[in-house]
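Below is final.pdb, holding PDB, C-alpha atoms.
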MODEL        1
ATOM      1  CA  MET A1011       0.000   0.000   0.000
ATOM      2  CA  PRO A1012       1.602   3.307  -1.032
ATOM      3  CA  ARG A1013       2.305   5.924   1.594
ATOM      4  CA  LEU A1014       1.736   9.629   1.033
ATOM      5  CA  ALA A1015       3.088  12.655   2.886
ATOM      6  CA  THR A1016       0.082  14.903   3.557
ATOM      7  CA  ARG A1017      -0.126  18.553   4.501
ATOM      8  CA  TYR A1018      -2.316  18.165   7.571
ATOM      9  CA  PHE A1019      -2.133  14.534   8.661
ATOM     10  CA  GLY A1020       1.502  13.435   8.265
ATOM     11  CA  PRO A1021       2.117  10.173   6.379
ATOM     12  CA  VAL A1022      -1.066   8.407   5.246
ATOM     13  CA  ASP A1023      -1.334   4.929   3.714
ATOM     14  CA  TYR A1024      -3.833   4.773   0.898
ATOM     15  CA  ALA A1025      -5.208   2.290  -1.582
ATOM     16  CA  VAL A1026      -4.504   3.072  -5.230
ATOM     17  CA  GLU A1027      -8.226   2.506  -5.935
ATOM     18  CA  SER A1028      -9.145   5.351  -3.613
ATOM     19  CA  VAL A1029      -7.465   8.009  -5.776
ATOM     20  CA  TYR A1030      -9.671  10.497  -7.619
ATOM     21  CA  SER A1031      -8.482  11.681 -10.986
ATOM     22  CA  PHE A1032      -8.950  15.194 -12.397
ATOM     23  CA  PRO A1033      -7.724  14.751 -15.988
ATOM     24  CA  SER A1034      -7.586  18.520 -16.651
ATOM     25  CA  GLY A1035      -6.145  19.479 -13.275
ATOM     26  CA  LEU A1036      -7.589  22.541 -11.527
ATOM     27  CA  PRO A1037      -7.233  26.176 -12.665
ATOM     28  CA  GLY A1038      -3.986  27.361 -11.093
ATOM     29  CA  PHE A1039      -2.901  23.735 -10.574
ATOM     30  CA  GLU A1040      -3.115  22.362 -14.087
ATOM     31  CA  GLU A1041      -0.452  19.708 -13.479
ATOM     32  CA  GLU A1042      -2.185  18.237 -10.428
ATOM     33  CA  ARG A1043      -4.263  15.307 -11.622
ATOM     34  CA  ASP A1044      -4.576  12.899  -8.686
ATOM     35  CA  PHE A1045      -6.085  13.550  -5.284
ATOM     36  CA  LEU A1046      -7.173  11.750  -2.141
ATOM     37  CA  PHE A1047     -10.317  12.910  -0.339
ATOM     38  CA  ILE A1048      -9.537  12.637   3.370
ATOM     39  CA  GLU A1049     -12.476  12.770   5.779
ATOM     40  CA  GLN A1050     -12.324  12.493   9.545
ATOM     41  CA  PRO A1051     -15.242  12.110  11.960
ATOM     42  CA  ALA A1052     -13.943  14.994  14.094
ATOM     43  CA  ASN A1053     -13.886  17.333  11.098
ATOM     44  CA  LYS A1054     -17.167  16.346   9.466
ATOM     45  CA  PRO A1055     -18.425  17.613   6.983
ATOM     46  CA  LEU A1056     -15.003  18.818   5.803
ATOM     47  CA  VAL A1057     -13.219  16.985   3.023
ATOM     48  CA  PHE A1058      -9.455  17.478   2.691
ATOM     49  CA  VAL A1059      -8.592  17.338  -1.008
ATOM     50  CA  GLN A1060      -4.966  16.215  -0.858
ATOM     51  CA  SER A1061      -2.714  16.182  -3.932
ATOM     52  CA  ILE A1062      -0.817  12.946  -4.492
ATOM     53  CA  ALA A1063       2.034  14.663  -6.347
ATOM     54  CA  THR A1064       2.504  17.656  -4.026
ATOM     55  CA  PRO A1065       2.281  17.017  -0.267
ATOM     56  CA  GLU A1066       1.929  20.755   0.533
ATOM     57  CA  LEU A1067      -1.138  21.070  -1.693
ATOM     58  CA  CYS A1068      -4.299  20.266   0.212
ATOM     59  CA  LEU A1069      -7.563  22.153  -0.354
ATOM     60  CA  LEU A1070     -10.366  22.195   2.173
ATOM     61  CA  ALA A1071     -13.823  21.519   0.834
ATOM     62  CA  ALA A1072     -17.310  20.547   1.954
ATOM     63  CA  PRO A1073     -20.266  18.967   0.175
ATOM     64  CA  ALA A1074     -22.243  21.728  -1.549
ATOM     65  CA  ARG A1075     -25.473  20.818   0.240
ATOM     66  CA  ALA A1076     -23.728  21.070   3.628
ATOM     67  CA  VAL A1077     -22.882  24.680   2.778
ATOM     68  CA  ALA A1078     -26.043  25.625   0.893
ATOM     69  CA  PRO A1079     -28.909  23.100   1.071
ATOM     70  CA  ASP A1080     -30.521  24.529  -2.071
ATOM     71  CA  TYR A1081     -27.314  24.578  -4.137
ATOM     72  CA  ARG A1082     -28.047  23.965  -7.785
ATOM     73  CA  LEU A1083     -25.575  22.467 -10.196
ATOM     74  CA  ALA A1084     -25.742  22.877 -13.969
ATOM     75  CA  LEU A1085     -23.201  21.042 -16.088
ATOM     76  CA  SER A1086     -22.444  21.959 -19.697
ATOM     77  CA  THR A1087     -22.362  19.227 -22.326
ATOM     78  CA  GLU A1088     -18.558  19.515 -22.326
ATOM     79  CA  ASP A1089     -18.453  19.011 -18.544
ATOM     80  CA  ARG A1090     -20.776  16.016 -18.767
ATOM     81  CA  ALA A1091     -18.640  14.463 -21.494
ATOM     82  CA  GLU A1092     -15.464  14.954 -19.471
ATOM     83  CA  LEU A1093     -17.114  13.324 -16.459
ATOM     84  CA  GLY A1094     -18.405  10.400 -18.525
ATOM     85  CA  LEU A1095     -22.030  11.235 -17.703
ATOM     86  CA  GLU A1096     -25.123  10.735 -19.848
ATOM     87  CA  GLN A1097     -25.688  13.592 -22.242
ATOM     88  CA  ASP A1098     -29.470  13.544 -22.423
ATOM     89  CA  ARG A1099     -30.256  14.994 -19.010
ATOM     90  CA  GLN A1100     -28.864  17.302 -16.342
ATOM     91  CA  PRO A1101     -27.317  15.103 -13.601
ATOM     92  CA  GLU A1102     -28.340  15.446  -9.954
ATOM     93  CA  ILE A1103     -26.065  15.638  -6.941
ATOM     94  CA  GLY A1104     -26.470  12.248  -5.259
ATOM     95  CA  PRO A1105     -24.891   8.864  -4.567
ATOM     96  CA  ASP A1106     -23.164   8.802  -7.972
ATOM     97  CA  LEU A1107     -22.295  12.475  -8.248
ATOM     98  CA  LEU A1108     -20.368  14.368  -5.598
ATOM     99  CA  CYS A1109     -20.290  18.166  -5.556
ATOM    100  CA  LEU A1110     -17.716  19.801  -3.264
ATOM    101  CA  LEU A1111     -17.192  23.512  -2.639
ATOM    102  CA  ILE A1112     -13.639  24.678  -1.942
ATOM    103  CA  LEU A1113     -13.340  26.695   1.263
ATOM    104  CA  SER A1114     -10.965  29.580   1.981
ATOM    105  CA  VAL A1115      -9.979  31.031   5.327
ATOM    106  CA  GLU A1116      -8.131  34.318   5.117
ATOM    107  CA  GLU A1117      -6.962  36.560   7.951
ATOM    108  CA  GLY A1118      -9.428  39.199   9.040
ATOM    109  CA  ALA A1119     -12.249  38.075   6.773
ATOM    110  CA  PRO A1120     -15.089  35.598   7.112
ATOM    111  CA  PRO A1121     -14.375  32.142   5.656
ATOM    112  CA  THR A1122     -15.788  31.730   2.166
ATOM    113  CA  ALA A1123     -16.952  28.948  -0.113
ATOM    114  CA  ASN A1124     -16.361  28.962  -3.847
ATOM    115  CA  MET A1125     -19.917  28.433  -5.081
ATOM    116  CA  LEU A1126     -18.959  29.515  -8.608
ATOM    117  CA  SER A1127     -16.536  26.656  -9.242
ATOM    118  CA  PRO A1128     -17.466  23.386  -7.502
ATOM    119  CA  LEU A1129     -15.449  20.203  -7.744
ATOM    120  CA  VAL A1130     -17.796  17.738  -9.390
ATOM    121  CA  VAL A1131     -16.940  14.040  -9.240
ATOM    122  CA  ASN A1132     -18.452  11.056 -11.001
ATOM    123  CA  LEU A1133     -18.085   8.583  -8.138
ATOM    124  CA  ARG A1134     -18.535   5.533 -10.356
ATOM    125  CA  LEU A1135     -15.481   6.483 -12.434
ATOM    126  CA  ARG A1136     -13.697   8.393  -9.630
ATOM    127  CA  ARG A1137     -13.185  11.167 -12.157
ATOM    128  CA  GLY A1138     -13.640  14.856 -11.413
ATOM    129  CA  ILE A1139     -13.524  18.348 -12.862
ATOM    130  CA  GLN A1140     -13.775  21.840 -11.489
ATOM    131  CA  ALA A1141     -16.991  22.888 -13.220
ATOM    132  CA  VAL A1142     -17.188  26.684 -13.437
ATOM    133  CA  GLN A1143     -20.862  27.711 -13.189
ATOM    134  CA  ALA A1144     -20.695  30.635 -15.614
ATOM    135  CA  GLY A1145     -23.908  32.637 -15.655
ATOM    136  CA  SER A1146     -25.172  31.083 -12.407
ATOM    137  CA  GLY A1147     -24.852  34.239 -10.343
ATOM    138  CA  TYR A1148     -22.958  32.235  -7.699
ATOM    139  CA  SER A1149     -19.947  33.890  -6.064
ATOM    140  CA  HIS A1150     -16.425  32.494  -5.867
ATOM    141  CA  ARG A1151     -16.224  34.094  -2.402
ATOM    142  CA  HIS A1152     -19.538  33.294  -0.737
ATOM    143  CA  PRO A1153     -19.322  34.091   3.012
ATOM    144  CA  LEU A1154     -20.101  30.999   5.089
ATOM    145  CA  GLY A1155     -23.073  31.093   7.397
ATOM    146  CA  VAL A1156     -25.083  33.312   5.046
ATOM    147  CA  GLY A1157     -27.982  31.918   3.022
ATOM    148  CA  ALA A1158     -27.249  31.004  -0.556
ATOM    149  CA  PRO A1159     -28.225  33.628  -3.116
ATOM    150  CA  GLU A1160     -30.944  32.666  -5.545
ATOM    151  CA  ALA A1161     -29.322  31.197  -8.596
ATOM    152  CA  ARG A1162     -30.820  31.463 -12.009
ATOM    153  CA  CYS A1163     -31.844  28.307 -13.797
ATOM    154  CA  TRP A1164     -31.188  27.924 -17.473
TER     155      TRP A1164
ATOM    156  CA  MET B1410     -17.967  51.436 -19.492
ATOM    157  CA  LEU B1411     -17.988  51.941 -23.237
ATOM    158  CA  VAL B1412     -21.044  50.310 -24.827
ATOM    159  CA  ILE B1413     -21.042  49.476 -28.521
ATOM    160  CA  ARG B1414     -23.792  47.765 -30.520
ATOM    161  CA  ARG B1415     -22.566  45.198 -33.042
ATOM    162  CA  ARG B1416     -24.208  42.692 -35.391
ATOM    163  CA  GLU B1417     -23.006  39.249 -36.416
ATOM    164  CA  GLY B1418     -19.883  39.537 -38.524
ATOM    165  CA  GLU B1419     -18.946  42.945 -37.127
ATOM    166  CA  ALA B1420     -15.904  43.567 -34.958
ATOM    167  CA  VAL B1421     -14.278  46.023 -32.579
ATOM    168  CA  LEU B1422     -10.614  46.857 -32.292
ATOM    169  CA  ILE B1423      -8.878  47.337 -28.938
ATOM    170  CA  GLY B1424      -5.572  49.147 -29.324
ATOM    171  CA  GLU B1425      -3.512  48.283 -32.379
ATOM    172  CA  ASP B1426      -3.398  44.526 -31.999
ATOM    173  CA  VAL B1427      -6.590  43.141 -30.531
ATOM    174  CA  GLU B1428      -9.697  42.417 -32.593
ATOM    175  CA  VAL B1429     -12.931  41.007 -31.204
ATOM    176  CA  GLU B1430     -15.429  39.753 -33.771
ATOM    177  CA  VAL B1431     -19.037  38.751 -33.134
ATOM    178  CA  LEU B1432     -19.288  35.385 -34.888
ATOM    179  CA  GLU B1433     -22.743  34.214 -33.858
ATOM    180  CA  ILE B1434     -25.645  35.475 -31.768
ATOM    181  CA  THR B1435     -28.276  33.177 -30.240
ATOM    182  CA  PRO B1436     -30.932  34.071 -27.644
ATOM    183  CA  ALA B1437     -28.759  32.651 -24.862
ATOM    184  CA  ARG B1438     -25.213  33.537 -25.849
ATOM    185  CA  VAL B1439     -22.855  35.175 -28.302
ATOM    186  CA  LYS B1440     -19.883  33.532 -29.891
ATOM    187  CA  LEU B1441     -16.843  35.818 -30.062
ATOM    188  CA  GLY B1442     -13.680  35.417 -32.081
ATOM    189  CA  ILE B1443     -10.614  37.108 -30.601
ATOM    190  CA  ARG B1444      -7.458  37.898 -32.525
ATOM    191  CA  ALA B1445      -4.630  39.028 -30.249
ATOM    192  CA  PRO B1446      -0.838  38.747 -30.008
ATOM    193  CA  GLU B1447       0.430  35.736 -28.068
ATOM    194  CA  ALA B1448       1.602  37.975 -25.241
ATOM    195  CA  VAL B1449      -1.976  39.098 -24.556
ATOM    196  CA  GLN B1450      -3.677  36.633 -22.259
ATOM    197  CA  VAL B1451      -7.326  36.033 -23.075
ATOM    198  CA  LEU B1452      -9.286  34.352 -20.290
ATOM    199  CA  ARG B1453     -12.929  33.803 -19.460
ATOM    200  CA  LYS B1454     -13.465  36.108 -16.487
ATOM    201  CA  GLU B1455     -14.944  33.412 -14.248
ATOM    202  CA  LEU B1456     -11.933  31.184 -14.930
ATOM    203  CA  LYS B1457      -9.576  33.900 -13.660
ATOM    204  CA  ALA B1458     -11.641  34.184 -10.458
ATOM    205  CA  THR B1459     -11.532  30.402 -10.073
ATOM    206  CA  ARG B1460      -7.761  30.250 -10.493
ATOM    207  CA  GLU B1461      -7.148  33.073  -8.013
ATOM    208  CA  GLN B1462      -9.504  31.535  -5.486
ATOM    209  CA  ASN B1463      -7.851  28.104  -5.832
ATOM    210  CA  LEU B1464      -4.472  29.704  -5.166
ATOM    211  CA  ALA B1465      -5.864  31.551  -2.124
ATOM    212  CA  ALA B1466      -7.483  28.379  -0.770
ATOM    213  CA  ALA B1467      -4.215  26.474  -1.154
ATOM    214  CA  ARG B1468      -2.443  28.791   1.294
ATOM    215  CA  GLY B1469      -3.880  26.610   4.000
ATOM    216  CA  VAL B1470      -5.775  26.820   7.230
ATOM    217  CA  SER B1471      -4.595  27.135  10.831
ATOM    218  CA  ASP B1472      -6.132  25.134  13.697
ATOM    219  CA  GLU B1473      -8.018  28.265  14.673
ATOM    220  CA  GLY B1474      -9.290  28.705  11.091
ATOM    221  CA  LEU B1475     -10.378  25.077  11.047
ATOM    222  CA  ALA B1476     -12.366  25.588  14.255
ATOM    223  CA  ARG B1477     -14.055  28.661  12.721
ATOM    224  CA  LEU B1478     -14.970  26.683   9.623
ATOM    225  CA  LEU B1479     -16.489  23.853  11.623
ATOM    226  CA  ARG B1480     -18.500  26.299  13.740
ATOM    227  CA  LEU B1481     -19.892  27.975  10.616
ATOM    228  CA  LEU B1482     -20.777  24.608   9.112
ATOM    229  CA  GLY B1483     -22.843  23.812  12.166
ATOM    230  CA  ARG B1484     -20.433  21.701  14.215
TER     231      ARG B1484
ENDMDL
END
Target format structure tokens, applied to this file:
Amino acid sequence: MPRLATRYFGPVDYAVESVYSFPSGLPGFEEERDFLFIEQPANKPLVFVQSIATPELCLLAAPARAVAPDYRLALSTEDRAELGLEQDRQPEIGPDLLCLLILSVEEGAPPTANMLSPLVVNLRLRRGIQAVQAGSGYSHRHPLGVGAPEARCW
Amino acid sequence: MLVIRRREGEAVLIGEDVEVEVLEITPARVKLGIRAPEAVQVLRKELKATREQNLAAARGVSDEGLARLLRLLGR
């Protein structure tokens, strides 16, 4: 079982099958393709998105519905193709489709969630993308603890 | 903000080197063609925000920040 140096948890043993792949990387981290999602009971509902290639790179995230219960996801046909999802209908967040919002904590400001650009993962294929919700009206710096703004449907 | 009306097939010039042409208009969106020197970065605005926010998020969280996050998420 391979061992990984992690940013927050020291060395962690992981199964190769538990790796999530982001074939296009993430904006700003285009070369980072493989991540572990580390969850701990004490930190629920947080998900630590740990890079396999770069131990210092670990993003904090939480399921979209834990941040904003009415969060609405709309995936373009290109996004659906990249995720290996059916093209004929808009997919729903659920047991097969994970939607995580990346969280930021900066000095002197309220923590924020990036509602504009969720990490969306097809759990059956363990394949993800950062799906920018252009035209949604969602903010990339949504203050936590405040109700979600109404998003437009299209 | 400068506002200019253009039809399909028409273009605007920005400076000497940048040309933005309206290729197609549908009720929901417009398709733009952009001709610019390689040194000029052309980015969808929301993608720039996403990149900057990813970089900010990657700076990390202290124990105190973690506790604040968990409180705000209802723990």
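The point (-9.7, 13.6, -5.4) has these residues within 9 Å of it when only C-alpha atoms are used: Ser1028, Val1029, Tyr1030, Ser1031, Phe1032, Arg1043, Asp1044, Phe1045, Leu1046, Phe1047, Ile1048, Phe1058, Val1059, Gln1060, Ser1061, Ile1062, Val1131, Arg1136, Arg1137 and Gly1138 of chain A.
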Just to confirm, what's the straight-line distance from CA of Leu1113 (chain A) to CA of Leu1069 (chain A) in Å (one decimal)? 7.5 Å
Please report, as CSV, each residue of chain A lying at most 8 Å from chain B, together with the nearest pair of atoms and the separation in Å rounded to one decimal; use all atoms listed in the file, and order rows by chain and ascending residue number.
residue,atom,partner,partner_atom,distance
A:Leu1036,CA,B:Arg1460,CA,7.8
A:Pro1037,CA,B:Arg1460,CA,4.6
A:Gly1038,CA,B:Arg1460,CA,4.8
A:Asn1053,CA,B:Leu1479,CA,7.0
A:Lys1054,CA,B:Leu1479,CA,7.8
A:Pro1055,CA,B:Leu1482,CA,7.7
A:Leu1056,CA,B:Leu1479,CA,7.8
A:Leu1067,CA,B:Ala1467,CA,6.2
A:Cys1068,CA,B:Ala1467,CA,6.4
A:Leu1069,CA,B:Ala1467,CA,5.5
A:Leu1070,CA,B:Ala1466,CA,7.4
A:Ala1076,CA,B:Leu1482,CA,7.2
A:Val1077,CA,B:Leu1482,CA,6.7
A:Ile1112,CA,B:Ala1466,CA,7.3
A:Leu1113,CA,B:Ala1466,CA,6.4
A:Ser1114,CA,B:Ala1466,CA,4.6
A:Val1115,CA,B:Val1470,CA,6.2
A:Pro1121,CA,B:Leu1478,CA,6.8
A:Asn1124,CA,B:Gln1462,CA,7.5
A:Leu1126,CA,B:Thr1459,CA,7.6
A:Ser1127,CA,B:Thr1459,CA,6.3
A:Val1142,CA,B:Leu1456,CA,7.1
A:Ala1144,CA,B:Glu1455,CA,6.5
A:His1150,CA,B:Thr1459,CA,6.8
A:Arg1151,CA,B:Gln1462,CA,7.8
A:Leu1154,CA,B:Leu1481,CA,6.3
A:Gly1155,CA,B:Leu1481,CA,5.5
Using all atoms listed in the file: which of B:Leu1452, B:Glu1433, B:Asp1472, B:Arg1444 has the shortest distance to Val1421 (chain B): B:Arg1444
Give me, as an MDAnalysis selection string, all polymer residues having an atom no more than 8 Å from region 1022-1027 of chain A, counting all atoms listed in the file and skipping those fewer than 5 positions away in the same chain. chainID A and resid 1011:1016
Which value, in Å to one decimal, gives the distance between CA of Gly1035 (chain A) and CA of Ile1139 (chain A)? 7.5 Å
Please return the centre and edge lengths, in Å to one decimal, of a box with edges along x, y and z that contains all listed atoms of region 1428-1445 of chain B, widened by 6 Å on every side, as JSON.
{"center_x": -17.8, "center_y": 37.5, "center_z": -29.9, "size_x": 38.3, "size_y": 21.8, "size_z": 22.0}
Surrounding residues of Pro1446 (chain B) excluding itself and chain neighbours under 2 positions, 9 Å, all atoms listed in the file, as a PyMOL selection string: chain B and resi 1426-1427+1444+1448-1450
If I take CA of Pro1073 (chain A) and CA of Arg1134 (chain A), how far is one from the other in Å, to one decimal? 17.2 Å
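For the structure shown here, the set of residues caught by the PyMOL selection byres ((chain A and resi 1106) around 7) is Gly1104, Pro1105, Leu1107, Leu1108, Asn1132, Leu1133 and Arg1134 of chain A.
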Report as a PyMOL selection string all protein, DNA and RNA residues lying within 8 Å of Gly1442 (chain B), evaluated on all atoms listed in the file, omitting residues in the same chain fewer than 2 positions from it. chain B and resi 1429-1432+1440+1444
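Closest approach to Arg1090 (chain A) among A:Pro1120, A:Ala1078, A:Ala1141, A:Gln1050 is made by A:Ala1141 (distances from all atoms listed in the file).
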List the spatial neighbours of Leu1110 (chain A) as a JSON list (two decimals) with C-alpha atoms, in the frame of the given file - criterion: any atom at most 6 Å away, all atoms listed in the file, same-chain residues fewer than 6 positions off excluded.
[["chain", "number", "residue", "atom", "x", "y", "z"],
["A", 1071, "ALA", "CA", -13.82, 21.52, 0.83],
["A", 1072, "ALA", "CA", -17.31, 20.55, 1.95],
["A", 1073, "PRO", "CA", -20.27, 18.97, 0.18],
["A", 1074, "ALA", "CA", -22.24, 21.73, -1.55],
["A", 1128, "PRO", "CA", -17.47, 23.39, -7.50],
["A", 1129, "LEU", "CA", -15.45, 20.20, -7.74]]
